[in-house]
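Step one of this worksheet: look at the structure below.
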Amino acid sequence: MQRTSIAIDGQPVTLEYEWIASGRKDAPLIVFLHEGLGSAAMWGGWPRSLCEATGCRGLVFSRYGYGHSDTRPGSGQGWPLDYLEREARENLPALFQALGIDAARERPVIFGHSDGATIALLYAAAFPERAGPVVVLAPHVFVEQVARERIARLQVTWDDGRMAAHLARLHDDPAGVFNGWSRCWLSPAFSGWNVAGAIESIASPLLAVQGRQDQYGTLDQLYEIQRRVPHAELMVLEDCRHVPYEEHPEAVIAAVSGFLARSLAGGG
């Protein structure tokens with residue numbers, strides 16, 4: 001992992017990142033955005049597998065507070081209610097600038113899972129001229145009770161130490177990650193969070209994938225995305241929960257490869 005610094009709220013913050021297949025200088029770039037409890041390491045080898053299948057370069061990184069990026073102060077507090085919007089509209093463009101990525105010229109592929117999927121949608125909507133094709137797995141554009149109930153159950157595994165042990169392998173501040181994410185999602189003020197209207201300006205080709213048995217959201221998430229972005233392509237995976245790239249890796253790689261081949265050939 002390498003490290004770079006960006007400014008967040010006027011303060012320097014160091015983020016960890018890694019290039020994949022950086023030698024493919026002229027190949028399209030896929031930017032991978034991890035889930036709400038994830039990090040660069042949590043992807044495992046899957047981003048590399050997708051880059052190999054598509055002939056692309058890749059960039060993985062851990063957002064502020066995650067992985068081995070700088071930790072956030074006050075680990076007992078919830079993330080800000082607009083943390084996803086800030087990541088999309090402020091922090092991701094700042095990272096591109098720090099790494100010398102000219103997003104207007106390269107128009108990178110934006111690939112996100114769960115929280116990362118939401119960030120991908122919001123980034124593509126805010127900066128249509130700086131986004132290439134967009135792929136989102138298990139996205140959420142509004143809060144559903146099923147998600148809040150699932151997160152509340154996860155708190156039990158935090159209290160008994162199981163979740164803490166798992167996250168300690170991925171993050172310098174596992175308590176900060178879990179509390180920041182879960183307390184935000186379970187706060188009364190977040191229950192009405194909805195960014196569906198904000199994604200209507202997405203012009204990029206868009207593929208949205210979700211497992212039918214996703215424990216964090218119903219297929220209404222996909223249907224709402226397509227209602228707001230009519231050109232979006234939807235893929236529903238049977239016998240699949242919240243992590244399609246782990247549960248059905250070959251199917252997801254095949255779908256994304258085909259989607260990118262069509263989209264990039266068309267100049268998207």
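Please note that chains go A, B, ... in the order of the structure tokens, that every chain numbers its residues from 1, and that ligands are numbered from 1 in the order shown.
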Which residues, written as a ChimeraX atom specification, have at least one atom at most 10 Å from range 8-25 of chain A, with only C-alpha atoms counted and residues fewer than 5 positions away on the same chain left out?
/A:1-3,30-31,39-41,47-49,51-52,55-72,86-87,90-91,94-95,99
From the DSSP assignment of the backbone, select every residue of range 32-189 of chain A that is strand (DSSP E or B), and format the answer as a VMD selection string.
chain A and resid 32 to 33 57 to 61 109 to 113 134 to 137 142
Atoms kept (all heavy atoms) for selection, written as a CSV table (one decimal), in the first residue's frame:
```csv
chain,number,residue,atom,x,y,z
A,32,PHE,N,-12.3,1.5,-7.3
A,32,PHE,CA,-13.1,0.6,-6.4
A,32,PHE,C,-13.4,1.3,-5.1
A,32,PHE,O,-12.5,1.8,-4.4
A,32,PHE,CB,-12.4,-0.7,-6.1
A,32,PHE,CG,-12.2,-1.6,-7.4
A,32,PHE,CD1,-11.1,-1.4,-8.2
A,32,PHE,CD2,-13.1,-2.5,-7.7
A,32,PHE,CE1,-10.9,-2.2,-9.3
A,32,PHE,CE2,-12.9,-3.3,-8.8
A,32,PHE,CZ,-11.8,-3.2,-9.6
A,33,LEU,N,-14.7,1.4,-4.8
A,33,LEU,CA,-15.2,2.0,-3.5
A,33,LEU,C,-15.8,1.0,-2.6
A,33,LEU,O,-16.8,0.4,-2.9
A,33,LEU,CB,-16.2,3.1,-3.9
A,33,LEU,CG,-15.8,4.1,-4.9
A,33,LEU,CD1,-17.0,5.1,-5.3
A,33,LEU,CD2,-14.6,5.0,-4.4
A,57,ARG,N,-6.8,-1.0,-15.7
A,57,ARG,CA,-6.1,-0.7,-14.5
A,57,ARG,C,-7.1,-0.6,-13.4
A,57,ARG,O,-8.3,-0.4,-13.6
A,57,ARG,CB,-5.3,0.6,-14.7
A,57,ARG,CG,-4.3,0.6,-15.8
A,57,ARG,CD,-3.7,2.0,-15.9
A,57,ARG,NE,-4.7,3.0,-16.4
A,57,ARG,CZ,-4.9,4.2,-16.0
A,57,ARG,NH1,-4.1,4.7,-15.0
A,57,ARG,NH2,-5.8,5.0,-16.5
A,58,GLY,N,-6.6,-0.6,-12.2
A,58,GLY,CA,-7.4,-0.4,-11.0
A,58,GLY,C,-6.8,0.5,-9.9
A,58,GLY,O,-5.6,0.6,-9.8
A,59,LEU,N,-7.7,1.0,-9.1
A,59,LEU,CA,-7.3,1.8,-7.9
A,59,LEU,C,-8.2,1.4,-6.8
A,59,LEU,O,-9.4,1.5,-6.9
A,59,LEU,CB,-7.4,3.3,-8.2
A,59,LEU,CG,-7.2,4.2,-6.9
A,59,LEU,CD1,-5.8,4.1,-6.4
A,59,LEU,CD2,-7.7,5.6,-7.2
A,60,VAL,N,-7.6,0.9,-5.7
A,60,VAL,CA,-8.3,0.6,-4.5
A,60,VAL,C,-7.7,1.5,-3.4
A,60,VAL,O,-6.5,1.8,-3.4
A,60,VAL,CB,-8.2,-0.9,-4.0
A,60,VAL,CG1,-8.9,-1.8,-5.1
A,60,VAL,CG2,-6.8,-1.3,-3.8
A,61,PHE,N,-8.6,1.9,-2.4
A,61,PHE,CA,-8.1,2.7,-1.3
A,61,PHE,C,-9.1,2.6,-0.2
A,61,PHE,O,-10.2,2.1,-0.3
A,61,PHE,CB,-8.0,4.2,-1.8
A,61,PHE,CG,-9.3,4.9,-2.0
A,61,PHE,CD1,-9.9,5.7,-1.1
A,61,PHE,CD2,-10.0,4.7,-3.2
A,61,PHE,CE1,-11.1,6.3,-1.3
A,61,PHE,CE2,-11.2,5.3,-3.5
A,61,PHE,CZ,-11.8,6.1,-2.5
A,109,VAL,N,-14.0,4.4,-14.7
A,109,VAL,CA,-15.1,3.6,-14.3
A,109,VAL,C,-15.2,3.6,-12.8
A,109,VAL,O,-14.2,3.5,-12.1
A,109,VAL,CB,-14.8,2.1,-14.8
A,109,VAL,CG1,-15.9,1.2,-14.3
A,109,VAL,CG2,-14.6,2.0,-16.3
A,110,ILE,N,-16.4,3.9,-12.3
A,110,ILE,CA,-16.6,4.0,-10.9
A,110,ILE,C,-17.4,2.8,-10.4
A,110,ILE,O,-18.5,2.5,-10.8
A,110,ILE,CB,-17.4,5.3,-10.5
A,110,ILE,CG1,-16.8,6.5,-11.2
A,110,ILE,CG2,-17.5,5.5,-9.0
A,110,ILE,CD1,-15.4,6.8,-10.7
A,111,PHE,N,-16.7,2.0,-9.6
A,111,PHE,CA,-17.3,0.7,-9.2
A,111,PHE,C,-17.4,0.7,-7.6
A,111,PHE,O,-16.4,0.9,-6.9
A,111,PHE,CB,-16.3,-0.4,-9.6
A,111,PHE,CG,-16.8,-1.8,-9.3
A,111,PHE,CD1,-17.1,-2.6,-10.4
A,111,PHE,CD2,-16.8,-2.3,-8.0
A,111,PHE,CE1,-17.6,-3.9,-10.1
A,111,PHE,CE2,-17.3,-3.6,-7.8
A,111,PHE,CZ,-17.6,-4.4,-8.8
A,112,GLY,N,-18.6,0.5,-7.1
A,112,GLY,CA,-18.8,0.6,-5.7
A,112,GLY,C,-19.7,-0.5,-5.2
A,112,GLY,O,-20.6,-1.0,-5.9
A,113,HIS,N,-19.5,-0.9,-3.9
A,113,HIS,CA,-20.3,-1.9,-3.2
A,113,HIS,C,-20.9,-1.3,-2.0
A,113,HIS,O,-20.2,-0.6,-1.2
A,113,HIS,CB,-19.4,-3.1,-2.8
A,113,HIS,CG,-20.1,-4.1,-2.0
A,113,HIS,ND1,-19.6,-4.5,-0.8
A,113,HIS,CD2,-21.3,-4.7,-2.1
A,113,HIS,CE1,-20.4,-5.4,-0.2
A,113,HIS,NE2,-21.5,-5.5,-1.0
A,134,VAL,N,-20.5,3.3,-14.7
A,134,VAL,CA,-20.7,3.1,-13.3
A,134,VAL,C,-21.3,1.8,-13.0
A,134,VAL,O,-22.3,1.4,-13.7
A,134,VAL,CB,-21.6,4.2,-12.7
A,134,VAL,CG1,-21.8,4.0,-11.2
A,134,VAL,CG2,-21.1,5.6,-13.0
A,135,VAL,N,-20.7,1.0,-12.1
A,135,VAL,CA,-21.2,-0.3,-11.7
A,135,VAL,C,-21.4,-0.2,-10.2
A,135,VAL,O,-20.5,0.1,-9.4
A,135,VAL,CB,-20.2,-1.4,-12.0
A,135,VAL,CG1,-20.7,-2.8,-11.6
A,135,VAL,CG2,-19.9,-1.4,-13.5
A,136,VAL,N,-22.6,-0.6,-9.7
A,136,VAL,CA,-22.9,-0.6,-8.3
A,136,VAL,C,-23.5,-1.9,-7.9
A,136,VAL,O,-24.3,-2.5,-8.5
A,136,VAL,CB,-23.9,0.6,-8.0
A,136,VAL,CG1,-23.2,1.9,-8.2
A,136,VAL,CG2,-25.2,0.5,-8.7
A,137,LEU,N,-22.9,-2.4,-6.8
A,137,LEU,CA,-23.4,-3.7,-6.2
A,137,LEU,C,-24.0,-3.4,-4.9
A,137,LEU,O,-23.5,-2.7,-4.0
A,137,LEU,CB,-22.2,-4.6,-6.0
A,137,LEU,CG,-21.2,-4.9,-7.1
A,137,LEU,CD1,-20.2,-6.0,-6.7
A,137,LEU,CD2,-22.0,-5.4,-8.3
A,142,PHE,N,-32.0,5.0,-0.3
A,142,PHE,CA,-32.9,5.4,0.8
A,142,PHE,C,-32.8,4.4,1.9
A,142,PHE,O,-32.3,3.2,1.6
A,142,PHE,CB,-34.3,5.6,0.3
A,142,PHE,CG,-35.0,4.4,-0.3
A,142,PHE,CD1,-35.7,3.5,0.5
A,142,PHE,CD2,-34.9,4.1,-1.7
A,142,PHE,CE1,-36.3,2.4,0.0
A,142,PHE,CE2,-35.4,3.0,-2.2
A,142,PHE,CZ,-36.2,2.1,-1.4
```
Closest of A:Leu186, A:His171, A:Gly36, A:Pro133 to Glu233 in chain A - atom-to-atom distances counting only C-alpha atoms:
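Result for the nearest residue to Glu233 in chain A: A:Pro133.
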With only C-alpha atoms as the counted atoms, please give the residues lying no more than 12 Å from Ala255 in chain A, apart from itself and same-chain residues fewer than 2 positions off, as an MDAnalysis selection string.
chainID A and resid 50 53:54 135:137 207:209 233:237 244:245 248:253 257:262
Pull the alpha helix (DSSP H) assignments for range 35-170 of chain A out of DSSP run on the backbone, and list those residues as a count of residues only.
58
Need to verify the contact set: range 187-201 of chain A, 7 Å, only C-alpha atoms, exclusion of same-chain residues closer than 4 positions in sequence. Can you return it as a list in words?
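Contacts, with the query itself left out: Leu81, Leu121, Leu122, Ala125, Val141, Phe142, Val143, Arg183, Ile225, Arg228 and Val229 of chain A.
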Selection near Ser204 in chain A, 8 Å with only C-alpha atoms, sequence-local residues under 3 positions removed, as an NGL selection string
:A and (124 or 128 or 131-134 or 268)
Next, the residues of the selection above should be written as an mmCIF file, in the first residue's frame with C-alpha atoms.
```cif
data_model
loop_
_atom_site.group_PDB
_atom_site.id
_atom_site.type_symbol
_atom_site.label_atom_id
_atom_site.label_comp_id
_atom_site.auth_asym_id
_atom_site.auth_seq_id
_atom_site.Cartn_x
_atom_site.Cartn_y
_atom_site.Cartn_z
ATOM 1 C CA ALA A 124 -21.515 10.257 -11.170
ATOM 2 C CA PRO A 128 -21.223 13.694 -15.092
ATOM 3 C CA ALA A 131 -17.310 9.737 -14.754
ATOM 4 C CA GLY A 132 -17.200 6.862 -17.172
ATOM 5 C CA PRO A 133 -19.400 3.770 -16.800
ATOM 6 C CA VAL A 134 -20.700 3.138 -13.303
ATOM 7 C CA GLY A 268 -19.234 5.977 -22.364
#
```
How many Å separate CA of Glu247 in chain A from CA of Leu167 in chain A?
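CA of Leu167 in chain A lies at a distance of 19.8 Å from CA of Glu247 in chain A.
Here CA of Tyr83 in chain A and CA of Val177 in chain A stand 12.7 Å from one another.
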Considering only C-alpha atoms, state which residue in the set A:Arg153, A:His231, A:Arg169, A:His140 is at the smallest distance from Gly217 in chain A.
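Closest residue, counting only C-alpha atoms: A:His140.
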Figure out the distance between CA of Tyr216 in chain A and CA of Ala147 in chain A, please, to one decimal in Å.
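Distance reported for this atom pair: 4.2 Å.
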Residues near Gly211 in chain A, anyone? I mean within 8 Å using only C-alpha atoms, not counting same-chain ones fewer than 5 positions away, as JSON, numbers by chain.
{"A": [138, 236, 237, 238, 239, 240, 241, 242, 243, 244]}
Could you check the closest approach to Ala27 in chain A for each of A:Gly78, A:Ile101, A:Glu106, A:Glu224 and tell me which residue wins, using only C-alpha atoms?
A:Glu106
Glu35 in chain A surroundings by only C-alpha atoms, 6 Å radius, close-in-sequence under 4 positions cut, as an mmCIF file with N, CA and C atoms, in the first residue's frame:
```cif
data_model
loop_
_atom_site.group_PDB
_atom_site.id
_atom_site.type_symbol
_atom_site.label_atom_id
_atom_site.label_comp_id
_atom_site.auth_asym_id
_atom_site.auth_seq_id
_atom_site.Cartn_x
_atom_site.Cartn_y
_atom_site.Cartn_z
ATOM 1 N N HIS A 113 -19.463 -0.876 -3.916
ATOM 2 C CA HIS A 113 -20.263 -1.887 -3.220
ATOM 3 C C HIS A 113 -20.891 -1.274 -1.980
ATOM 4 N N SER A 114 -22.201 -1.419 -1.814
ATOM 5 C CA SER A 114 -22.934 -0.993 -0.625
ATOM 6 C C SER A 114 -22.750 0.521 -0.408
ATOM 7 N N ASP A 115 -22.164 0.959 0.700
ATOM 8 C CA ASP A 115 -21.884 2.388 0.867
ATOM 9 C C ASP A 115 -21.096 2.924 -0.321
ATOM 10 N N GLY A 116 -20.126 2.148 -0.778
ATOM 11 C CA GLY A 116 -19.341 2.563 -1.931
ATOM 12 C C GLY A 116 -20.181 2.709 -3.181
#
```
